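Visitor: Got a structure for you, questions after.
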Amino acid sequence: MSSNESKPAHSWRPRTKAVRGGLARTNFSETAEAMFMTSGYVYDSAEEAEASFDGTLDRMVYSRFKNPTVATFETRLAEMEGAPAGFSVAARATASGMAAVHAALLCQLRAGDRVVASKALFGSCHWIINELLPRYGVERVFVDGTDLKSWEAALSVPTTCVFLETPSNPTLEIIDLAAVCDLAHKAGAKVVVDNVFATPILQSPFELGADIVAYSATKHMDGQGRCLGGAVLGSTEFCADVLGPFLRNTGPALSPFNAWVLLKGLETLDLRMERHCANALQVARFLETRPEVARVIYPGLESHPQHDLAKRQMKGWGSIVAIELKGGKSSAYKLLNGVELIDISNNLGDAKSLMTHPWTTTHQRLAPEDKLSMGISEGLLRLSVGLEDGDDLVEDLGRALES
């Protein structure tokens, strides 16, 4: 690397960090970040190799541990993530969002530990908490994430970790992060927040008291359906001493190519989220007027039960709208099959609008009673609103509803 590196991150505003953060040019002085597609590195001597592995020399030794392109993505994301004064944020990338959630939890849990989680979770997150952790002797307790009294009762005894999504997938429940973090810390717990729906643009969990933040970078950070990726953020000490050894030895490494794609995605994340939010609000307001629709769930609507809370802790409403149709699964399928512009897909955060039926896709493997307890009915659809013209999206949905 050359000495032509970025200015100190503290001198930049978030939008600039998304474009310039972590930039470290090579001696070729390229404008776009370099891509280092290498698995390993060479040493000038046996002594240098030894010093590299025993920690005396800080350098790249293997791309499962560290890679220049991945490191640039990690640095930029850490600089973008808001945090209170005195909290030094670091990031570690993973091969997928679920690898990030798995690592954020397993790196700090042992047999006999206790985890409290909100029950409104993405299907795979629910599986990790409900199925995987008990296999290793970890106690898990689920609560209604929107009920502070439930959190208070569950956190009245010592707890190791709290895990939650806000907004939740797919029913967009909003959890009072500051209040839950306060209760969790009194119980001795670290708080892990899945911030995928909000992104670092719309919500800063660290500023509200969270200890660890997990992302599926596959979603809005890429934003164009091109690659998988994930990230875990926490204090520099946590990332170095707790998370780092876990990742090094279990190997959920992010591909340098994917890291490069995600780097370019971060540059436009702020602009895209602005359009996502505007389109989603337009679509949500339209859907509220339709007689075929039983309920529209979107934090930006005054009808959302936690609208005021979302207004306090978020900077925007997000790209996801949940639609509950009268007529159940039959009506949901008719709408899915009737839209022409919107694609049927279980991904989200894409430039293209995507819609899925959680009961039979993302949450299919959960028991019916668990789905219903999360607010997922057979008539519920999750719509990820993209970057198309909002009027076209409204017209597409209107035609399909009329059919």
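Residue numbering restarts at 1 in every chain; chains get A, B, ... in the order shown in the structure tokens, and ligands count up from 1 in that same order.
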With a distance cut-off of 8 Å and only C-alpha atoms, select the neighbouring residues of region 92-97 of chain A, excluding the residue or stretch itself and same-chain residues fewer than 5 positions from it, and output the selection as a ChimeraX atom specification.

Guide: /A:70,73-74,214-218,228-233,239,244,252-255

Visitor: Limited to N, CA and C atoms, could you put the picked residues into a file as a PDB file, in the first residue's frame?

Guide:
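The result, stored in result33.pdb:
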ATOM      1  N   VAL A  70     -11.226  -7.138   1.789  1.00  0.00           N
ATOM      2  CA  VAL A  70     -12.191  -7.357   2.876  1.00  0.00           C
ATOM      3  C   VAL A  70     -11.949  -6.357   4.000  1.00  0.00           C
ATOM      4  N   PHE A  73     -13.530  -3.040   3.202  1.00  0.00           N
ATOM      5  CA  PHE A  73     -14.974  -3.083   3.445  1.00  0.00           C
ATOM      6  C   PHE A  73     -15.273  -2.978   4.936  1.00  0.00           C
ATOM      7  N   GLU A  74     -14.543  -3.714   5.753  1.00  0.00           N
ATOM      8  CA  GLU A  74     -14.760  -3.694   7.196  1.00  0.00           C
ATOM      9  C   GLU A  74     -14.519  -2.299   7.773  1.00  0.00           C
ATOM     10  N   ALA A 214     -25.356  -6.856  13.865  1.00  0.00           N
ATOM     11  CA  ALA A 214     -25.148  -7.825  12.790  1.00  0.00           C
ATOM     12  C   ALA A 214     -25.903  -7.393  11.543  1.00  0.00           C
ATOM     13  N   TYR A 215     -25.303  -7.661  10.383  1.00  0.00           N
ATOM     14  CA  TYR A 215     -25.912  -7.308   9.103  1.00  0.00           C
ATOM     15  C   TYR A 215     -25.836  -8.467   8.116  1.00  0.00           C
ATOM     16  N   SER A 216     -26.866  -8.570   7.301  1.00  0.00           N
ATOM     17  CA  SER A 216     -26.756  -9.289   6.039  1.00  0.00           C
ATOM     18  C   SER A 216     -26.439  -8.240   4.988  1.00  0.00           C
ATOM     19  N   ALA A 217     -25.187  -8.181   4.571  1.00  0.00           N
ATOM     20  CA  ALA A 217     -24.783  -7.209   3.543  1.00  0.00           C
ATOM     21  C   ALA A 217     -25.350  -7.591   2.183  1.00  0.00           C
ATOM     22  N   THR A 218     -25.852  -8.821   2.075  1.00  0.00           N
ATOM     23  CA  THR A 218     -26.521  -9.284   0.863  1.00  0.00           C
ATOM     24  C   THR A 218     -27.678  -8.371   0.473  1.00  0.00           C
ATOM     25  N   LEU A 228     -23.549 -12.553  -1.859  1.00  0.00           N
ATOM     26  CA  LEU A 228     -23.804 -12.744  -0.434  1.00  0.00           C
ATOM     27  C   LEU A 228     -22.710 -12.062   0.384  1.00  0.00           C
ATOM     28  N   GLY A 229     -23.052 -11.694   1.592  1.00  0.00           N
ATOM     29  CA  GLY A 229     -22.072 -11.130   2.515  1.00  0.00           C
ATOM     30  C   GLY A 229     -22.727 -10.789   3.834  1.00  0.00           C
ATOM     31  N   GLY A 230     -21.929 -10.671   4.864  1.00  0.00           N
ATOM     32  CA  GLY A 230     -22.435 -10.294   6.177  1.00  0.00           C
ATOM     33  C   GLY A 230     -21.379  -9.543   6.946  1.00  0.00           C
ATOM     34  N   ALA A 231     -21.768  -9.019   8.101  1.00  0.00           N
ATOM     35  CA  ALA A 231     -20.809  -8.288   8.934  1.00  0.00           C
ATOM     36  C   ALA A 231     -21.288  -8.272  10.377  1.00  0.00           C
ATOM     37  N   VAL A 232     -20.325  -8.297  11.273  1.00  0.00           N
ATOM     38  CA  VAL A 232     -20.571  -8.128  12.704  1.00  0.00           C
ATOM     39  C   VAL A 232     -19.759  -6.932  13.164  1.00  0.00           C
ATOM     40  N   LEU A 233     -20.401  -6.015  13.873  1.00  0.00           N
ATOM     41  CA  LEU A 233     -19.710  -4.837  14.407  1.00  0.00           C
ATOM     42  C   LEU A 233     -19.817  -4.835  15.928  1.00  0.00           C
ATOM     43  N   CYS A 239     -14.169  -7.302  18.892  1.00  0.00           N
ATOM     44  CA  CYS A 239     -13.830  -7.843  17.573  1.00  0.00           C
ATOM     45  C   CYS A 239     -12.453  -8.498  17.562  1.00  0.00           C
ATOM     46  N   GLY A 244     -12.824 -12.250  16.825  1.00  0.00           N
ATOM     47  CA  GLY A 244     -11.708 -12.547  15.929  1.00  0.00           C
ATOM     48  C   GLY A 244     -11.256 -13.991  15.967  1.00  0.00           C
ATOM     49  N   PRO A 252     -15.817 -18.610   8.347  1.00  0.00           N
ATOM     50  CA  PRO A 252     -16.876 -18.053   7.479  1.00  0.00           C
ATOM     51  C   PRO A 252     -16.411 -16.803   6.744  1.00  0.00           C
ATOM     52  N   ALA A 253     -15.315 -16.939   5.986  1.00  0.00           N
ATOM     53  CA  ALA A 253     -14.655 -15.772   5.391  1.00  0.00           C
ATOM     54  C   ALA A 253     -15.418 -15.241   4.181  1.00  0.00           C
ATOM     55  N   LEU A 254     -15.413 -13.917   4.041  1.00  0.00           N
ATOM     56  CA  LEU A 254     -16.023 -13.252   2.895  1.00  0.00           C
ATOM     57  C   LEU A 254     -15.052 -13.273   1.717  1.00  0.00           C
ATOM     58  N   SER A 255     -15.560 -13.602   0.543  1.00  0.00           N
ATOM     59  CA  SER A 255     -14.748 -13.576  -0.676  1.00  0.00           C
ATOM     60  C   SER A 255     -14.273 -12.158  -0.968  1.00  0.00           C
TER      61      SER A 255
END

Visitor: Gly328 (chain A): which residues within 8 Å, counting only C-alpha atoms, same-chain residues fewer than 2 positions away excluded, as an MDAnalysis selection string?

Guide: chainID A and resid 324:326 330:332 377:380

Visitor: Using only C-alpha atoms, can you tell me which of A:Lys329, A:Lys315, A:Arg285, A:Arg226 comes closest to Glu302 (chain A)?

Guide: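 Closest residue, counting only C-alpha atoms: A:Arg285.
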
Visitor: Could you check how far CA of Ser11 (chain A) sits from CA of Glu267 (chain A), in Å to one decimal?

Guide: 17.6 Å

Visitor: Which of region 84-131 of chain A counts as strand (DSSP E) under DSSP, as a list of chain:residue names please?

Guide: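 Checking each residue of region 84-131 of chain A, the strand (DSSP E) ones are A:Val89, A:Ala90, A:Ala91, A:Arg92, A:Ala93, A:Thr94, A:Arg114, A:Val115, A:Val116, A:Ala117, A:Ser118.
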
Visitor: Run DSSP on the backbone and give me the residues of region 209-360 of chain A it puts in alpha helix (DSSP H), as JSON, numbers by chain.

Guide: {"A": [236, 237, 238, 244, 245, 246, 247, 248, 249, 250, 256, 257, 258, 259, 260, 261, 262, 263, 264, 265, 266, 267, 269, 270, 271, 272, 273, 274, 275, 276, 277, 278, 279, 280, 281, 282, 283, 284, 285, 286, 287, 288, 307, 308, 309, 310, 311, 312, 313, 328, 329, 330, 331, 332, 333, 334, 335, 336, 337, 338]}

Visitor: Considering only C-alpha atoms, can you say which of A:Phe65, A:Phe87, A:Trp260, A:Phe122 comes closest to Thr361 (chain A)?

Guide: A:Phe122

Visitor: Near Gly123 (chain A), within 12 Å and counting only C-alpha atoms, which residues show up once chain neighbours fewer than 3 positions away are dropped, as a PDB file with N, CA and C atoms, in the first residue's frame?

Guide:
ATOM      1  N   MET A  98     -26.393 -14.797   7.727  1.00  0.00           N
ATOM      2  CA  MET A  98     -26.595 -15.797   8.762  1.00  0.00           C
ATOM      3  C   MET A  98     -25.276 -16.220   9.397  1.00  0.00           C
ATOM      4  N   LYS A 119     -39.383 -12.764  20.018  1.00  0.00           N
ATOM      5  CA  LYS A 119     -39.905 -13.914  19.278  1.00  0.00           C
ATOM      6  C   LYS A 119     -40.123 -13.605  17.797  1.00  0.00           C
ATOM      7  N   ALA A 120     -40.232 -12.334  17.447  1.00  0.00           N
ATOM      8  CA  ALA A 120     -40.427 -11.947  16.045  1.00  0.00           C
ATOM      9  C   ALA A 120     -39.073 -11.891  15.358  1.00  0.00           C
ATOM     10  N   HIS A 126     -34.479 -17.502  14.147  1.00  0.00           N
ATOM     11  CA  HIS A 126     -35.285 -18.230  15.124  1.00  0.00           C
ATOM     12  C   HIS A 126     -34.736 -19.643  15.310  1.00  0.00           C
ATOM     13  N   TRP A 127     -34.305 -20.294  14.214  1.00  0.00           N
ATOM     14  CA  TRP A 127     -33.761 -21.648  14.301  1.00  0.00           C
ATOM     15  C   TRP A 127     -32.490 -21.678  15.146  1.00  0.00           C
ATOM     16  N   ILE A 128     -31.617 -20.707  14.960  1.00  0.00           N
ATOM     17  CA  ILE A 128     -30.384 -20.674  15.751  1.00  0.00           C
ATOM     18  C   ILE A 128     -30.701 -20.563  17.236  1.00  0.00           C
ATOM     19  N   ILE A 129     -31.606 -19.645  17.578  1.00  0.00           N
ATOM     20  CA  ILE A 129     -31.943 -19.445  18.988  1.00  0.00           C
ATOM     21  C   ILE A 129     -32.685 -20.655  19.549  1.00  0.00           C
ATOM     22  N   ASN A 130     -33.674 -21.139  18.810  1.00  0.00           N
ATOM     23  CA  ASN A 130     -34.589 -22.152  19.333  1.00  0.00           C
ATOM     24  C   ASN A 130     -34.062 -23.573  19.214  1.00  0.00           C
ATOM     25  N   GLU A 131     -33.311 -23.864  18.142  1.00  0.00           N
ATOM     26  CA  GLU A 131     -32.874 -25.230  17.888  1.00  0.00           C
ATOM     27  C   GLU A 131     -31.386 -25.454  18.154  1.00  0.00           C
ATOM     28  N   GLU A 165     -34.365  -8.230  16.495  1.00  0.00           N
ATOM     29  CA  GLU A 165     -34.437  -7.522  15.225  1.00  0.00           C
ATOM     30  C   GLU A 165     -35.380  -6.344  15.401  1.00  0.00           C
ATOM     31  N   SER A 168     -38.594  -5.907  12.771  1.00  0.00           N
ATOM     32  CA  SER A 168     -38.488  -7.359  12.671  1.00  0.00           C
ATOM     33  C   SER A 168     -38.915  -7.845  11.290  1.00  0.00           C
ATOM     34  N   ASN A 169     -38.465  -9.039  10.963  1.00  0.00           N
ATOM     35  CA  ASN A 169     -38.751  -9.667   9.676  1.00  0.00           C
ATOM     36  C   ASN A 169     -39.782 -10.779   9.876  1.00  0.00           C
ATOM     37  N   PRO A 170     -40.974 -10.705   9.300  1.00  0.00           N
ATOM     38  CA  PRO A 170     -41.433  -9.748   8.299  1.00  0.00           C
ATOM     39  C   PRO A 170     -42.478  -8.757   8.800  1.00  0.00           C
ATOM     40  N   ASN A 346     -37.623 -14.287  -2.405  1.00  0.00           N
ATOM     41  CA  ASN A 346     -37.457 -14.213  -0.949  1.00  0.00           C
ATOM     42  C   ASN A 346     -36.310 -13.300  -0.546  1.00  0.00           C
ATOM     43  N   PRO A 358     -44.247 -15.226   3.407  1.00  0.00           N
ATOM     44  CA  PRO A 358     -43.424 -15.778   4.490  1.00  0.00           C
ATOM     45  C   PRO A 358     -43.901 -17.118   5.033  1.00  0.00           C
ATOM     46  N   TRP A 359     -45.230 -17.325   5.092  1.00  0.00           N
ATOM     47  CA  TRP A 359     -45.757 -18.566   5.647  1.00  0.00           C
ATOM     48  C   TRP A 359     -45.188 -19.789   4.925  1.00  0.00           C
ATOM     49  N   THR A 360     -45.002 -19.671   3.614  1.00  0.00           N
ATOM     50  CA  THR A 360     -44.549 -20.822   2.820  1.00  0.00           C
ATOM     51  C   THR A 360     -43.110 -20.699   2.327  1.00  0.00           C
ATOM     52  N   THR A 361     -42.425 -19.607   2.646  1.00  0.00           N
ATOM     53  CA  THR A 361     -41.039 -19.446   2.186  1.00  0.00           C
ATOM     54  C   THR A 361     -40.095 -19.189   3.356  1.00  0.00           C
ATOM     55  N   THR A 362     -39.877 -17.960   3.730  1.00  0.00           N
ATOM     56  CA  THR A 362     -38.844 -17.603   4.710  1.00  0.00           C
ATOM     57  C   THR A 362     -39.089 -18.190   6.092  1.00  0.00           C
ATOM     58  N   HIS A 363     -40.364 -18.439   6.443  1.00  0.00           N
ATOM     59  CA  HIS A 363     -40.699 -18.972   7.766  1.00  0.00           C
ATOM     60  C   HIS A 363     -41.411 -20.317   7.654  1.00  0.00           C
ATOM     61  N   GLN A 364     -41.230 -20.993   6.522  1.00  0.00           N
ATOM     62  CA  GLN A 364     -41.960 -22.230   6.254  1.00  0.00           C
ATOM     63  C   GLN A 364     -41.736 -23.293   7.317  1.00  0.00           C
ATOM     64  N   ARG A 365     -40.511 -23.431   7.801  1.00  0.00           N
ATOM     65  CA  ARG A 365     -40.172 -24.540   8.681  1.00  0.00           C
ATOM     66  C   ARG A 365     -40.588 -24.320  10.139  1.00  0.00           C
ATOM     67  N   LEU A 366     -41.129 -23.148  10.445  1.00  0.00           N
ATOM     68  CA  LEU A 366     -41.615 -22.914  11.802  1.00  0.00           C
ATOM     69  C   LEU A 366     -42.986 -23.548  11.981  1.00  0.00           C
ATOM     70  N   ALA A 367     -43.293 -23.947  13.203  1.00  0.00           N
ATOM     71  CA  ALA A 367     -44.607 -24.511  13.502  1.00  0.00           C
ATOM     72  C   ALA A 367     -45.681 -23.452  13.289  1.00  0.00           C
ATOM     73  N   ASP A 370     -46.053 -21.006  16.032  1.00  0.00           N
ATOM     74  CA  ASP A 370     -44.969 -20.037  16.151  1.00  0.00           C
ATOM     75  C   ASP A 370     -45.141 -18.907  15.147  1.00  0.00           C
ATOM     76  N   LYS A 371     -45.547 -19.254  13.922  1.00  0.00           N
ATOM     77  CA  LYS A 371     -45.791 -18.219  12.920  1.00  0.00           C
ATOM     78  C   LYS A 371     -46.879 -17.268  13.389  1.00  0.00           C
ATOM     79  N   MET A 374     -45.898 -14.810  15.937  1.00  0.00           N
ATOM     80  CA  MET A 374     -45.081 -13.723  15.395  1.00  0.00           C
ATOM     81  C   MET A 374     -45.906 -12.731  14.590  1.00  0.00           C
ATOM     82  N   ILE A 376     -47.486 -13.713  11.793  1.00  0.00           N
ATOM     83  CA  ILE A 376     -47.438 -14.161  10.392  1.00  0.00           C
ATOM     84  C   ILE A 376     -48.647 -15.034  10.117  1.00  0.00           C
TER      85      ILE A 376
END

Visitor: Using only C-alpha atoms, can you tell me which of A:Asp308, A:Gly40, A:Arg382, A:Ala210 comes closest to Ala178 (chain A)?

Guide: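 Looking only at the distances to Ala178 (chain A), the closest residue turns out to be A:Ala210.
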
Visitor: Got a sec: who's within 9 Å of Ile297 (chain A), counting only C-alpha atoms, leaving out chain neighbours fewer than 3 positions off, as a ChimeraX atom specification?

Guide: /A:171-173,284,300-301,303-305,320-324

Visitor: Residues at most 10 Å from Asp350 (chain A), counting only C-alpha atoms, excluding those fewer than 6 positions away in the same chain, as a ChimeraX atom specification?

Guide: /A:218-226,272,276,319,384-387

Visitor: Nearest residue to Gly265 (chain A) out of A:Glu395, A:Arg114, A:Met35, A:Ala351, using only C-alpha atoms?

Guide: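 For Gly265 (chain A), the nearest of the candidates is A:Ala351.
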
Visitor: Rounded to one decimal, what separation in Å do you get between CA of Ser118 (chain A) and CA of Val293 (chain A)?

Guide: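 Value for the CA of Ser118 (chain A)-CA of Val293 (chain A) distance: 27.1 Å.
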
Visitor: Would you compute the distance between CA of Ala99 (chain A) and CA of Lys352 (chain A)? Give it in Å to one decimal.

Guide: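 So the answer is 24.8 Å.
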